[in-house]
Structures are given as C-alpha cells and as structure tokens.
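As stored in model22.pdb (PDB, C-alpha atoms):
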```
ATOM      1  CA  MET A  29      21.176-212.443 117.557
ATOM      2  CA  PRO A  30      20.955-215.372 119.976
ATOM      3  CA  PHE A  31      17.641-215.682 121.843
ATOM      4  CA  ILE A  32      17.850-216.761 125.460
ATOM      5  CA  LYS A  33      15.309-219.390 126.276
ATOM      6  CA  LEU A  34      14.144-219.494 129.880
ATOM      7  CA  THR A  35      12.505-222.362 131.571
ATOM      8  CA  LYS A  36       9.150-221.962 133.262
ATOM      9  CA  ILE A  37      10.793-221.892 136.687
ATOM     10  CA  GLU A  38      13.327-219.236 135.595
ATOM     11  CA  ARG A  39      10.593-217.029 134.160
ATOM     12  CA  LYS A  40       8.660-217.335 137.413
ATOM     13  CA  ARG A  41      11.749-216.332 139.439
ATOM     14  CA  ILE A  42      12.400-213.278 137.250
ATOM     15  CA  LEU A  43       8.753-212.219 137.493
ATOM     16  CA  THR A  44       8.872-212.578 141.262
ATOM     17  CA  LEU A  45      12.086-210.527 141.388
ATOM     18  CA  LEU A  46      10.585-207.715 139.268
ATOM     19  CA  THR A  47       7.438-207.712 141.381
ATOM     20  CA  CYS A  48       9.455-207.409 144.576
ATOM     21  CA  LEU A  49      11.562-204.639 143.039
ATOM     22  CA  LEU A  50       8.487-202.657 141.977
ATOM     23  CA  MET A  51       6.896-203.116 145.390
ATOM     24  CA  ALA A  52      10.082-201.901 147.058
ATOM     25  CA  ILE A  53      10.212-198.831 144.807
ATOM     26  CA  GLY A  54       6.517-198.161 145.450
ATOM     27  CA  ALA A  55       6.967-198.467 149.208
ATOM     28  CA  TRP A  56      10.021-196.177 149.125
ATOM     29  CA  LEU A  57       8.128-193.628 146.990
ATOM     30  CA  PHE A  58       5.094-193.769 149.261
ATOM     31  CA  LEU A  59       7.193-193.244 152.404
ATOM     32  CA  SER A  60       9.180-190.469 150.741
ATOM     33  CA  LEU A  61       6.038-188.578 149.665
ATOM     34  CA  LYS A  62       4.720-188.789 153.235
ATOM     35  CA  ASN A  63       7.772-186.906 154.515
ATOM     36  CA  LYS A  64       7.721-183.146 155.075
ATOM     37  CA  TYR A  65       9.329-180.857 152.508
ATOM     38  CA  VAL A  66       9.540-177.107 151.977
ATOM     39  CA  TYR A  67       8.409-175.843 148.584
ATOM     40  CA  THR A  68       7.516-172.508 147.012
ATOM     41  CA  ALA A  69       4.017-171.680 145.814
ATOM     42  CA  LYS A  70       2.876-168.427 144.233
ATOM     43  CA  THR A  71      -0.438-167.039 145.440
ATOM     44  CA  VAL A  72      -2.573-163.934 145.052
ATOM     45  CA  LEU A  73      -3.327-161.566 147.919
ATOM     46  CA  VAL A  74      -6.863-160.562 148.809
ATOM     47  CA  TYR A  75      -7.051-157.520 151.076
ATOM     48  CA  LYS A  76      -9.570-157.107 153.889
ATOM     49  CA  ASN A  77     -10.144-154.699 156.801
ATOM     50  CA  PHE A  78      -9.355-151.636 154.689
ATOM     51  CA  PRO A  79      -8.367-148.457 156.547
ATOM     52  CA  GLN A  80     -11.456-146.269 156.818
ATOM     53  CA  LYS A  81      -9.853-142.818 156.629
ATOM     54  CA  ARG A  82      -6.847-143.419 154.391
ATOM     55  CA  ALA A  83      -6.681-144.135 150.681
ATOM     56  CA  PHE A  84      -3.796-146.337 149.659
ATOM     57  CA  HIS A  85      -1.925-147.656 146.660
ATOM     58  CA  ALA A  86       0.163-150.835 146.855
ATOM     59  CA  LEU A  87       3.786-150.330 145.793
ATOM     60  CA  GLN A  88       4.316-153.971 144.762
ATOM     61  CA  SER A  89       2.536-156.771 142.967
ATOM     62  CA  ASP A  90      -0.364-158.551 144.660
ATOM     63  CA  THR A  91       1.354-161.897 143.964
ATOM     64  CA  VAL A  92       3.774-163.292 146.568
ATOM     65  CA  ASP A  93       5.866-166.449 147.060
ATOM     66  CA  LEU A  94       4.889-168.679 149.969
ATOM     67  CA  GLN A  95       7.467-170.949 151.585
ATOM     68  CA  VAL A  96       5.186-173.855 152.464
ATOM     69  CA  GLU A  97       5.985-176.922 154.523
ATOM     70  CA  GLY A  98       3.972-179.914 153.417
ATOM     71  CA  THR A  99       4.133-183.534 152.383
ATOM     72  CA  GLY A 100       5.656-184.763 149.176
ATOM     73  CA  TRP A 101       2.167-185.432 147.886
ATOM     74  CA  GLN A 102       1.242-181.788 148.372
ATOM     75  CA  LEU A 103       4.485-180.740 146.690
ATOM     76  CA  LEU A 104       3.606-182.917 143.699
ATOM     77  CA  PHE A 105       0.126-181.455 143.305
ATOM     78  CA  ALA A 106       1.316-177.899 143.985
ATOM     79  CA  ARG A 107       3.481-178.174 140.885
ATOM     80  CA  LEU A 108       0.410-179.209 138.894
ATOM     81  CA  ARG A 109      -1.855-176.513 140.308
ATOM     82  CA  ILE A 110      -2.790-173.920 137.703
ATOM     83  CA  LYS A 111      -4.472-171.385 140.011
ATOM     84  CA  PRO A 112      -3.050-171.372 143.553
ATOM     85  CA  GLN A 113      -5.573-170.400 146.154
ATOM     86  CA  SER A 114      -5.534-166.814 147.327
ATOM     87  CA  ILE A 115      -4.845-165.726 150.892
ATOM     88  CA  ALA A 116      -6.559-162.913 152.769
ATOM     89  CA  ILE A 117      -4.378-160.253 154.396
ATOM     90  CA  SER A 118      -5.681-157.744 156.944
ATOM     91  CA  LEU A 119      -4.833-154.093 156.284
ATOM     92  CA  GLU A 120      -5.928-152.915 159.724
ATOM     93  CA  LYS A 121      -2.364-151.866 160.619
ATOM     94  CA  LEU A 122      -2.408-149.308 157.801
ATOM     95  CA  ASN A 123      -4.474-147.051 160.054
ATOM     96  CA  SER A 124      -1.235-146.186 161.885
ATOM     97  CA  ARG A 125       1.615-147.029 159.491
ATOM     98  CA  ASN A 126       2.388-147.508 155.780
ATOM     99  CA  PHE A 127       3.505-151.164 155.680
ATOM    100  CA  ILE A 128       2.211-154.645 156.473
ATOM    101  CA  LEU A 129       4.338-157.470 157.919
ATOM    102  CA  PHE A 130       3.424-161.018 156.926
ATOM    103  CA  SER A 131       5.276-162.363 159.953
ATOM    104  CA  GLU A 132       2.594-160.735 162.130
ATOM    105  CA  GLN A 133      -0.191-162.543 160.301
ATOM    106  CA  LEU A 134       1.280-165.996 159.693
ATOM    107  CA  TYR A 135      -1.013-167.579 162.270
ATOM    108  CA  ASN A 136      -4.166-166.277 160.600
ATOM    109  CA  VAL A 137      -2.811-167.036 157.131
ATOM    110  CA  ASN A 138      -2.042-170.644 158.090
ATOM    111  CA  LYS A 139      -5.624-171.077 159.256
ATOM    112  CA  GLN A 140      -6.695-170.526 155.645
ATOM    113  CA  LEU A 141      -4.689-173.498 154.321
ATOM    114  CA  GLU A 142      -5.096-177.225 154.655
ATOM    115  CA  SER A 143      -4.321-178.467 158.143
ATOM    116  CA  SER A 144      -1.353-180.525 156.878
ATOM    117  CA  GLN A 145       0.239-177.464 155.231
ATOM    118  CA  LYS A 146       2.156-174.755 157.019
ATOM    119  CA  ILE A 147       3.527-171.450 155.697
ATOM    120  CA  ILE A 148       7.016-170.864 157.057
ATOM    121  CA  SER A 149       7.653-167.486 155.449
ATOM    122  CA  VAL A 150       6.498-165.139 152.689
ATOM    123  CA  ARG A 151       8.589-163.315 150.112
ATOM    124  CA  PRO A 152       8.508-160.381 150.311
ATOM    125  CA  ASP A 153       7.727-160.302 154.020
ATOM    126  CA  THR A 154       6.864-156.598 154.011
ATOM    127  CA  LEU A 155       4.268-154.858 151.832
ATOM    128  CA  TYR A 156       4.602-151.094 151.424
ATOM    129  CA  PHE A 157       1.776-148.680 150.557
ATOM    130  CA  ASP A 158       1.542-145.120 149.330
ATOM    131  CA  PHE A 159      -1.165-142.933 150.891
ATOM    132  CA  SER A 160      -3.165-139.933 149.798
ATOM    133  CA  GLU A 161      -6.265-138.126 151.000
ATOM    134  CA  ARG A 162      -9.464-140.112 150.526
ATOM    135  CA  THR A 163     -12.153-138.357 148.471
ATOM    136  CA  VAL A 164     -15.687-139.276 147.424
ATOM    137  CA  LYS A 165     -17.234-139.062 143.947
ATOM    138  CA  ARG A 166     -20.582-140.035 142.407
ATOM    139  CA  VAL A 167     -20.573-141.396 138.867
ATOM    140  CA  PRO A 168     -23.426-142.647 136.661
ATOM    141  CA  VAL A 169     -24.027-146.354 136.201
ATOM    142  CA  LYS A 170     -23.539-147.666 132.660
ATOM    143  CA  LEU A 171     -25.593-150.777 131.894
ATOM    144  CA  VAL A 172     -23.872-153.449 129.798
ATOM    145  CA  SER A 173     -26.575-155.628 128.242
ATOM    146  CA  ASP A 174     -27.214-158.470 125.829
ATOM    147  CA  PHE A 175     -30.947-158.595 125.015
ATOM    148  CA  THR A 176     -32.948-160.516 122.448
ATOM    149  CA  PHE A 177     -36.700-160.240 121.942
ATOM    150  CA  VAL A 178     -39.581-162.311 120.669
ATOM    151  CA  LYS A 179     -40.639-161.097 117.217
ATOM    152  CA  GLN A 180     -42.485-157.733 117.280
ATOM    153  CA  TYR A 181     -41.393-157.058 120.881
ATOM    154  CA  GLY A 182     -38.815-154.540 122.084
ATOM    155  CA  ILE A 183     -37.880-151.919 124.673
ATOM    156  CA  SER A 184     -40.858-149.565 125.017
ATOM    157  CA  SER A 185     -39.274-146.738 127.088
ATOM    158  CA  ASP A 186     -36.105-145.795 128.930
ATOM    159  CA  ILE A 187     -34.448-148.548 130.981
ATOM    160  CA  GLU A 188     -34.607-147.697 134.693
ATOM    161  CA  LEU A 189     -31.588-148.144 136.968
ATOM    162  CA  VAL A 190     -31.942-147.983 140.756
ATOM    163  CA  PRO A 191     -29.732-146.328 141.803
ATOM    164  CA  GLU A 192     -28.620-144.382 138.724
ATOM    165  CA  TYR A 193     -25.351-143.387 140.424
ATOM    166  CA  VAL A 194     -22.767-145.213 142.526
ATOM    167  CA  THR A 195     -20.459-143.664 145.112
ATOM    168  CA  LEU A 196     -16.705-144.137 144.796
ATOM    169  CA  SER A 197     -14.133-143.387 147.473
ATOM    170  CA  GLY A 198     -10.380-143.336 146.997
ATOM    171  CA  PRO A 199      -7.464-141.126 145.951
ATOM    172  CA  GLY A 200      -8.567-138.010 144.082
ATOM    173  CA  GLN A 201      -6.122-138.597 141.216
ATOM    174  CA  GLU A 202      -7.627-142.040 140.634
ATOM    175  CA  LEU A 203     -11.236-140.869 140.840
ATOM    176  CA  GLU A 204     -10.610-138.081 138.295
ATOM    177  CA  LYS A 205     -10.072-140.751 135.618
ATOM    178  CA  ILE A 206     -13.445-142.418 136.252
ATOM    179  CA  LYS A 207     -16.409-140.950 134.316
ATOM    180  CA  TYR A 208     -18.872-143.824 134.852
ATOM    181  CA  TRP A 209     -18.995-147.337 136.300
ATOM    182  CA  ALA A 210     -20.170-150.244 134.155
ATOM    183  CA  THR A 211     -22.203-153.227 135.281
ATOM    184  CA  ASP A 212     -21.604-156.866 134.573
ATOM    185  CA  THR A 213     -23.345-157.965 131.378
ATOM    186  CA  LEU A 214     -27.085-158.430 131.916
ATOM    187  CA  THR A 215     -28.173-161.189 129.547
ATOM    188  CA  LEU A 216     -31.893-161.606 128.828
ATOM    189  CA  LYS A 217     -33.142-163.762 125.950
ATOM    190  CA  GLU A 218     -36.471-163.944 124.101
ATOM    191  CA  LEU A 219     -38.064-161.108 126.068
ATOM    192  CA  GLN A 220     -41.786-160.456 125.648
ATOM    193  CA  ARG A 221     -42.665-158.807 128.968
ATOM    194  CA  THR A 222     -41.140-156.231 131.305
ATOM    195  CA  ASP A 223     -38.253-157.675 133.313
ATOM    196  CA  VAL A 224     -36.813-156.554 136.652
ATOM    197  CA  SER A 225     -33.358-157.931 137.492
ATOM    198  CA  ARG A 226     -30.480-157.205 139.836
ATOM    199  CA  VAL A 227     -27.030-157.010 138.276
ATOM    200  CA  SER A 228     -23.654-156.630 139.961
ATOM    201  CA  MET A 229     -21.285-153.793 139.216
ATOM    202  CA  LEU A 230     -18.210-154.657 137.189
ATOM    203  CA  GLY A 231     -15.415-156.062 139.332
ATOM    204  CA  ASN A 232     -13.156-153.434 140.831
ATOM    205  CA  ARG A 233      -9.520-153.873 139.750
ATOM    206  CA  MET A 234      -8.308-150.864 141.734
ATOM    207  CA  LYS A 235      -7.649-152.050 145.263
ATOM    208  CA  ASN A 236      -7.533-148.515 146.641
ATOM    209  CA  VAL A 237     -10.973-147.531 145.285
ATOM    210  CA  ASN A 238     -14.183-148.640 146.982
ATOM    211  CA  ILE A 239     -17.601-148.687 145.304
ATOM    212  CA  PHE A 240     -21.077-148.557 146.835
ATOM    213  CA  PRO A 241     -23.508-150.139 146.208
ATOM    214  CA  SER A 242     -22.113-153.271 144.610
ATOM    215  CA  SER A 243     -25.248-153.976 142.535
ATOM    216  CA  VAL A 244     -28.183-152.142 140.953
ATOM    217  CA  GLU A 245     -31.761-153.001 140.060
ATOM    218  CA  VAL A 246     -32.570-152.882 136.350
ATOM    219  CA  LYS A 247     -36.102-152.520 134.966
ATOM    220  CA  VAL A 248     -36.350-153.300 131.256
ATOM    221  CA  PRO A 249     -39.787-152.168 129.957
ATOM    222  CA  VAL A 250     -40.896-154.480 127.154
ATOM    223  CA  ASP A 251     -43.996-154.210 124.996
ATOM    224  CA  GLU A 252     -45.372-155.412 121.693
ATOM    225  CA  PHE A 253     -44.637-153.062 118.790
ATOM    226  CA  THR A 254     -46.800-152.082 115.857
ATOM    227  CA  GLU A 255     -46.301-149.926 112.780
ATOM    228  CA  LYS A 256     -47.332-146.277 112.643
ATOM    229  CA  THR A 257     -46.953-143.553 110.017
ATOM    230  CA  LEU A 258     -46.818-139.798 110.601
ATOM    231  CA  GLU A 259     -46.596-136.939 108.118
ATOM    232  CA  LEU A 260     -43.947-134.368 109.086
ATOM    233  CA  PRO A 261     -43.145-130.938 107.641
ATOM    234  CA  VAL A 262     -39.560-130.549 106.409
ATOM    235  CA  ALA A 263     -37.300-127.940 108.034
ATOM    236  CA  VAL A 264     -33.875-126.752 106.851
ATOM    237  CA  ILE A 265     -30.597-126.577 108.796
ATOM    238  CA  ASN A 266     -27.345-124.670 108.103
ATOM    239  CA  ASN A 267     -29.212-121.971 106.187
ATOM    240  CA  LYS A 268     -26.684-119.307 107.177
ATOM    241  CA  GLU A 269     -27.418-117.070 104.172
ATOM    242  CA  TYR A 270     -31.172-117.183 104.874
ATOM    243  CA  TYR A 271     -32.117-118.468 101.458
ATOM    244  CA  ASP A 272     -35.787-118.720 100.654
ATOM    245  CA  ILE A 273     -36.158-122.426  99.943
ATOM    246  CA  LYS A 274     -39.201-124.242  98.581
ATOM    247  CA  PHE A 275     -39.465-128.020  98.979
ATOM    248  CA  PHE A 276     -41.242-130.548  96.795
ATOM    249  CA  PRO A 277     -42.967-132.167  98.583
ATOM    250  CA  ARG A 278     -43.217-129.969 101.668
ATOM    251  CA  LYS A 279     -43.953-132.956 103.927
ATOM    252  CA  VAL A 280     -42.623-136.503 104.191
ATOM    253  CA  LYS A 281     -44.108-139.675 105.653
ATOM    254  CA  VAL A 282     -42.180-141.342 108.491
ATOM    255  CA  THR A 283     -42.980-144.995 109.157
ATOM    256  CA  PHE A 284     -41.761-146.511 112.407
ATOM    257  CA  LEU A 285     -42.439-149.156 115.051
ATOM    258  CA  VAL A 286     -43.909-148.010 118.345
ATOM    259  CA  ALA A 287     -45.040-149.840 121.499
ATOM    260  CA  LEU A 288     -48.770-150.490 121.684
ATOM    261  CA  SER A 289     -48.923-148.715 125.039
ATOM    262  CA  LYS A 290     -47.531-145.517 123.441
ATOM    263  CA  TYR A 291     -49.313-145.721 120.091
ATOM    264  CA  GLN A 292     -51.784-142.922 120.862
ATOM    265  CA  THR A 293     -49.303-140.612 122.607
ATOM    266  CA  ILE A 294     -46.549-140.555 119.944
ATOM    267  CA  ASN A 295     -47.306-137.785 117.451
ATOM    268  CA  GLU A 296     -45.592-135.173 115.270
ATOM    269  CA  ASN A 297     -44.304-133.300 118.334
ATOM    270  CA  PHE A 298     -41.854-136.117 119.140
ATOM    271  CA  MET A 299     -39.769-135.950 115.931
ATOM    272  CA  ASP A 300     -38.356-133.476 113.397
ATOM    273  CA  ALA A 301     -37.614-134.031 109.710
ATOM    274  CA  VAL A 302     -34.781-131.851 108.348
ATOM    275  CA  VAL A 303     -32.628-131.306 105.271
ATOM    276  CA  ASP A 304     -29.118-129.849 105.259
ATOM    277  CA  ILE A 305     -28.615-126.981 102.792
ATOM    278  CA  ASP A 306     -24.888-127.819 102.749
ATOM    279  CA  ASP A 307     -25.839-130.844 100.602
ATOM    280  CA  TRP A 308     -26.463-128.337  97.829
ATOM    281  CA  LYS A 309     -24.060-125.534  98.709
ATOM    282  CA  ILE A 310     -20.949-127.593  99.455
ATOM    283  CA  ARG A 311     -21.626-131.086  98.126
ATOM    284  CA  LYS A 312     -23.454-129.876  94.991
ATOM    285  CA  HIS A 313     -26.298-132.368  95.303
ATOM    286  CA  ASN A 314     -29.359-131.730  93.153
ATOM    287  CA  GLN A 315     -31.648-133.275  95.789
ATOM    288  CA  LEU A 316     -31.661-132.917  99.568
ATOM    289  CA  ARG A 317     -31.613-136.000 101.789
ATOM    290  CA  VAL A 318     -34.202-136.046 104.577
ATOM    291  CA  THR A 319     -33.066-137.098 108.046
ATOM    292  CA  LEU A 320     -34.595-137.022 111.521
ATOM    293  CA  SER A 321     -32.900-134.626 113.935
ATOM    294  CA  ARG A 322     -35.172-135.755 116.764
ATOM    295  CA  PHE A 323     -36.664-139.209 117.187
ATOM    296  CA  PRO A 324     -37.712-141.217 120.289
ATOM    297  CA  ASP A 325     -35.120-143.746 121.444
ATOM    298  CA  TYR A 326     -37.819-146.315 122.176
ATOM    299  CA  CYS A 327     -39.175-146.272 118.596
ATOM    300  CA  THR A 328     -37.631-147.992 115.581
ATOM    301  CA  LEU A 329     -37.462-146.161 112.263
ATOM    302  CA  ILE A 330     -38.557-148.168 109.228
ATOM    303  CA  LYS A 331     -38.451-145.618 106.411
ATOM    304  CA  ILE A 332     -38.803-141.987 105.361
ATOM    305  CA  SER A 333     -40.825-141.456 102.178
ATOM    306  CA  PRO A 334     -39.515-139.832 100.158
ATOM    307  CA  ASP A 335     -35.999-139.853 101.642
ATOM    308  CA  LYS A 336     -34.821-137.243  99.066
ATOM    309  CA  ILE A 337     -36.733-134.168  97.960
ATOM    310  CA  ASP A 338     -36.460-131.584  95.217
ATOM    311  CA  PHE A 339     -36.003-127.902  96.045
ATOM    312  CA  ILE A 340     -35.886-124.427  94.602
ATOM    313  CA  ILE A 341     -33.717-121.688  96.150
ATOM    314  CA  GLU A 342     -34.649-118.054  95.758
ATOM    315  CA  LYS A 343     -31.927-115.595  96.703
TER
END
```

Show me, as structure tokens, the structure contained in the file I just sent.
Amino acid sequence: MPFIKLTKIERKRILTLLTCLLMAIGAWLFLSLKNKYVYTAKTVLVYKNFPQKRAFHALQSDTVDLQVEGTGWQLLFARLRIKPQSIAISLEKLNSRNFILFSEQLYNVNKQLESSQKIISVRPDTLYFDFSERTVKRVPVKLVSDFTFVKQYGISSDIELVPEYVTLSGPGQELEKIKYWATDTLTLKELQRTDVSRVSMLGNRMKNVNIFPSSVEVKVPVDEFTEKTLELPVAVINNKEYYDIKFFPRKVKVTFLVALSKYQTINENFMDAVVDIDDWKIRKHNQLRVTLSRFPDYCTLIKISPDKIDFIIEK
C-alpha cells in the first residue's frame, strides 16, 4: 500500500485545517446547547397542605412527566440524572373538590426549579383522589434496634419509650391493617451505661395516613451483669390425670446473669421451673426436661442443673 509522504508545510496546513474544523464544530455545539429546547423529565410528587377533615387516596402514581423548557446543556444533564428532583404540590383544593390541576400551580412549581428552567406542562395535568371519612387510631410503638455491649454489660430492665403510642389519622379501612408502628433502626455500639436517644418513626409510605408524633424518646437502661444461682422447686404441667409424681431431685439450680443493681431483688419469686408430663405420656421419655415457664426478660439464663430429672408416677 503506497504511503503518502507530506512535506512539513503540507502537514502544517492539514493540522491548521483540522484545528479550524474542530473549533467550528465546538462553537456550533456550544451555541446549539445554549438554545432553548423542550424535553421530558420524570419527577416524584411530594404533597403538602393536606386537607384537615378529609382522608384521601390518590388514584394514580405519584410520578409524573414534566414538559420542561431549558437549554441544551440542561437537556444533556437531565438525560444523565438518576434521581430527578421532586416537586411539592399543594392539596389545599381538596377541601372542596376531589381533583388537583397542575395548570393552577405551575407558577409555584416553577419557583422550585432552577431559574433557567421552566415547566410548560405536566402529564397528567389532573390528579384525582378518592375520599373516605377520616378516623383516628392509637397504636403501640415498636422499637427497631441494633445494640452491642461492652463485655459483662447488658440491658438491665425494660426499655422505656416516650410516648409508648403514636396517633394515626386516615381512612378507617387503612388504619384497620396497622397493629403497631415501627421506628427507624436505633444503632448503639459498645454500650456500658444507660443511654437516652431520640429516634424517628419509620417513614410513612401511605400518603393518606398521618402519624403523630414523628419521633420518640428511647431510654435504654444498661448495667454491669454478674452471675447468680438460685435453687427452684420443680412443678409439673399438663398433669390432666392428676398423677402423683415424685421428682429426683425435687429442686434444680438455675444459674443466670443479672444486673448488679437488681442482684439483691431477684429471687425465687421471679421464675418458675417446670416439667411437662407429656414428655413421658406422649413422647415416652424416661426423663423429664426442665424448662423455665417464667423468667425475667432482663436476665440471661446460663444453665439449669440438672436440666433433666428422674421421676416416679403413682397412679
């Protein structure tokens, strides 16, 4: 294949030509991107100014298409945008009707965008809502937690939530499904003293249900734990035939961890050791396993000794 040899002057002319061509393309592209264009951008609706005496349910998705007038640069970056910004829509008109017109709120919506952008229209332009009577319901707060403790430390008593209940308002058929309301995850690491924190309630995904308050105070009582052993008498459960049963031994030793502050107060009255006669009658076991039918939540069981006992049944 023949190779064209260019002189130094010819190479300089070609380089100058290519440079001019690239500059012309760049100038054309720059001027073109400065021009105004209309493009479509999807965005998420955020509702505000909820009607006070009417519960509602949106009959369409909360995502709409915006017809936006902007520069070519904005069009370019809009295509690359992963999460379009949301726009706030007032629901004040729902106090007297069951639909919202975007055309009535374009001025306020445009104020939320960049000054060089302008929303021309929204698809769909009308949002329709279904209404029902608004009711009120109180539900317990459920704490979602992720705790770790310094060695030999733990929760010494019940966690306190203030308030213990939140108030929901919305359609009765929606509130019937809600048995409790969870919090965001409260994460506390390497605890060795009592902690008091404020945690938000889990985000509300139901736009027609309001929750109050939006956060609760959480007191996590923490104390150092030590080992304690108690001797408990063994009782029997499921003795429907009223057998006379003798146990060997009659008592078992329960070893557990308890907070130092509660060491003196925790005694035999806080727990019960039991055996299930069905282990013999139905499952044909020759020994009965000992379990605890009652045990403080803020203590940690280490062992029951012995955990199986011999028995004699007299009919």

Worksheet item: Which residue, A:Asp338, A:Thr35, A:Asp93, A:Lys247, has the smallest gap to A:Asn314 when you use only C-alpha atoms?
Response: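 For A:Asn314, the nearest of the given residues is A:Asp338.
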
Practice prompt. Could you tell me how far atom CA of A:Lys290 lies from atom CA of A:Val248, in Å and to one decimal?
Written response: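 We find that atom CA of A:Lys290 and atom CA of A:Val248 lie 15.7 Å from each other.
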
Practice prompt. Kindly extract all protein, DNA and RNA residues lying within 9 Å of the coordinates (-42.1, -130.8, 100.5) given in the file, considering only C-alpha atoms, and supply them as a PyMOL selection string.
Written response: chain A and resi 261-262+274-280+337-339

Worksheet item: For the file shown, what are the residues hit by the PyMOL selection byres ((chain A and resi 70) around 8), laid out as a PyMOL selection string?
Response: chain A and resi 68-69+71-72+91-94+112

Listed atoms of stretch 217-232 of chain A boxed along x, y and z, 5 Å each side, centre and edge lengths in Å, one decimal, as AutoDock Vina command-line options:
```
--center_x -27.9 --center_y -158.7 --center_z 132.5 --size_x 39.5 --size_y 20.5 --size_z 26.7
```

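Residue nearest A:Gly200, chosen from A:Thr163, A:Ser114, A:Ser333, A:Thr154 and counting only C-alpha atoms: A:Thr163.
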
Fill in: Residue members of the PyMOL selection byres ((chain A and resi 80) around 12) in the file shown, as a list of chain:residue names
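Here the PyMOL selection byres ((chain A and resi 80) around 12) matches A:Lys76, A:Asn77, A:Phe78, A:Pro79, A:Lys81, A:Arg82, A:Ala83, A:Phe84, A:Leu119, A:Glu120, A:Lys121, A:Leu122, A:Asn123, A:Ser124, A:Glu161, A:Arg162, A:Thr163, A:Ser197, A:Gly198, A:Asn236, A:Val237, A:Asn238.
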
Fill in: Contact residues around A:Asn295 with all atoms listed in the file at 12 Å, ignoring same-chain residues under 5 positions, as a ChimeraX atom specification
/A:256-260,282-284,286,290,300,323-324,327

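Going from atom CA of A:Glu218 to atom CA of A:Lys331 covers 25.5 Å.
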
Result set of the PyMOL selection byres ((chain A and resi 320) around 9) on the coordinates above, as an mmCIF file with C-alpha atoms, in the frame of the given file:
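Result saved to selection-v9.cif:
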```
data_model
loop_
_atom_site.group_PDB
_atom_site.id
_atom_site.type_symbol
_atom_site.label_atom_id
_atom_site.label_comp_id
_atom_site.auth_asym_id
_atom_site.auth_seq_id
_atom_site.Cartn_x
_atom_site.Cartn_y
_atom_site.Cartn_z
ATOM 1 C CA MET A 299 -39.769 -135.950 115.931
ATOM 2 C CA ASP A 300 -38.356 -133.476 113.397
ATOM 3 C CA ALA A 301 -37.614 -134.031 109.710
ATOM 4 C CA VAL A 302 -34.781 -131.851 108.348
ATOM 5 C CA VAL A 303 -32.628 -131.306 105.271
ATOM 6 C CA VAL A 318 -34.202 -136.046 104.577
ATOM 7 C CA THR A 319 -33.066 -137.098 108.046
ATOM 8 C CA SER A 321 -32.900 -134.626 113.935
ATOM 9 C CA ARG A 322 -35.172 -135.755 116.764
ATOM 10 C CA PHE A 323 -36.664 -139.209 117.187
ATOM 11 C CA ILE A 332 -38.803 -141.987 105.361
#
```

Fill in: Contacts of A:Gln180 within 9 Å, all atoms listed in the file, excl. fewer than 4 positions in-chain, as a ChimeraX atom specification
/A:220,251-254,285

Worksheet item: Of the candidates A:Val190, A:Ser184, A:Leu73, A:Lys179, which shows the shortest atom-to-atom distance to A:Tyr291, using all atoms listed in the file?
Response: A:Ser184

Worksheet entry | Nearest candidate to A:Val224 (options A:Arg41, A:Lys281, A:Phe177, A:Val246; using all atoms listed in the file) | A:Val246

Practice prompt. Could you jot down the atom CA of A:Ile37 to atom CA of A:Met51 separation for me, Å, one decimal place?
Written response: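 Computed distance, atom CA of A:Ile37 to atom CA of A:Met51, equals 21.1 Å.
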
Discussion item. Can you pull out the residues contacting A:Met229? Cut-off 7 Å, using only C-alpha atoms, and skip same-chain residues under 3 positions away; I want them as a ChimeraX atom specification.
Written reply: /A:210-212,242-243

Fill in: Residue among A:Ile128, A:Ile115, A:Leu214, A:Val167 lying closest to A:Gln140, counting all atoms listed in the file
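Answer, going by the shortest atom-to-atom distance: A:Ile115.
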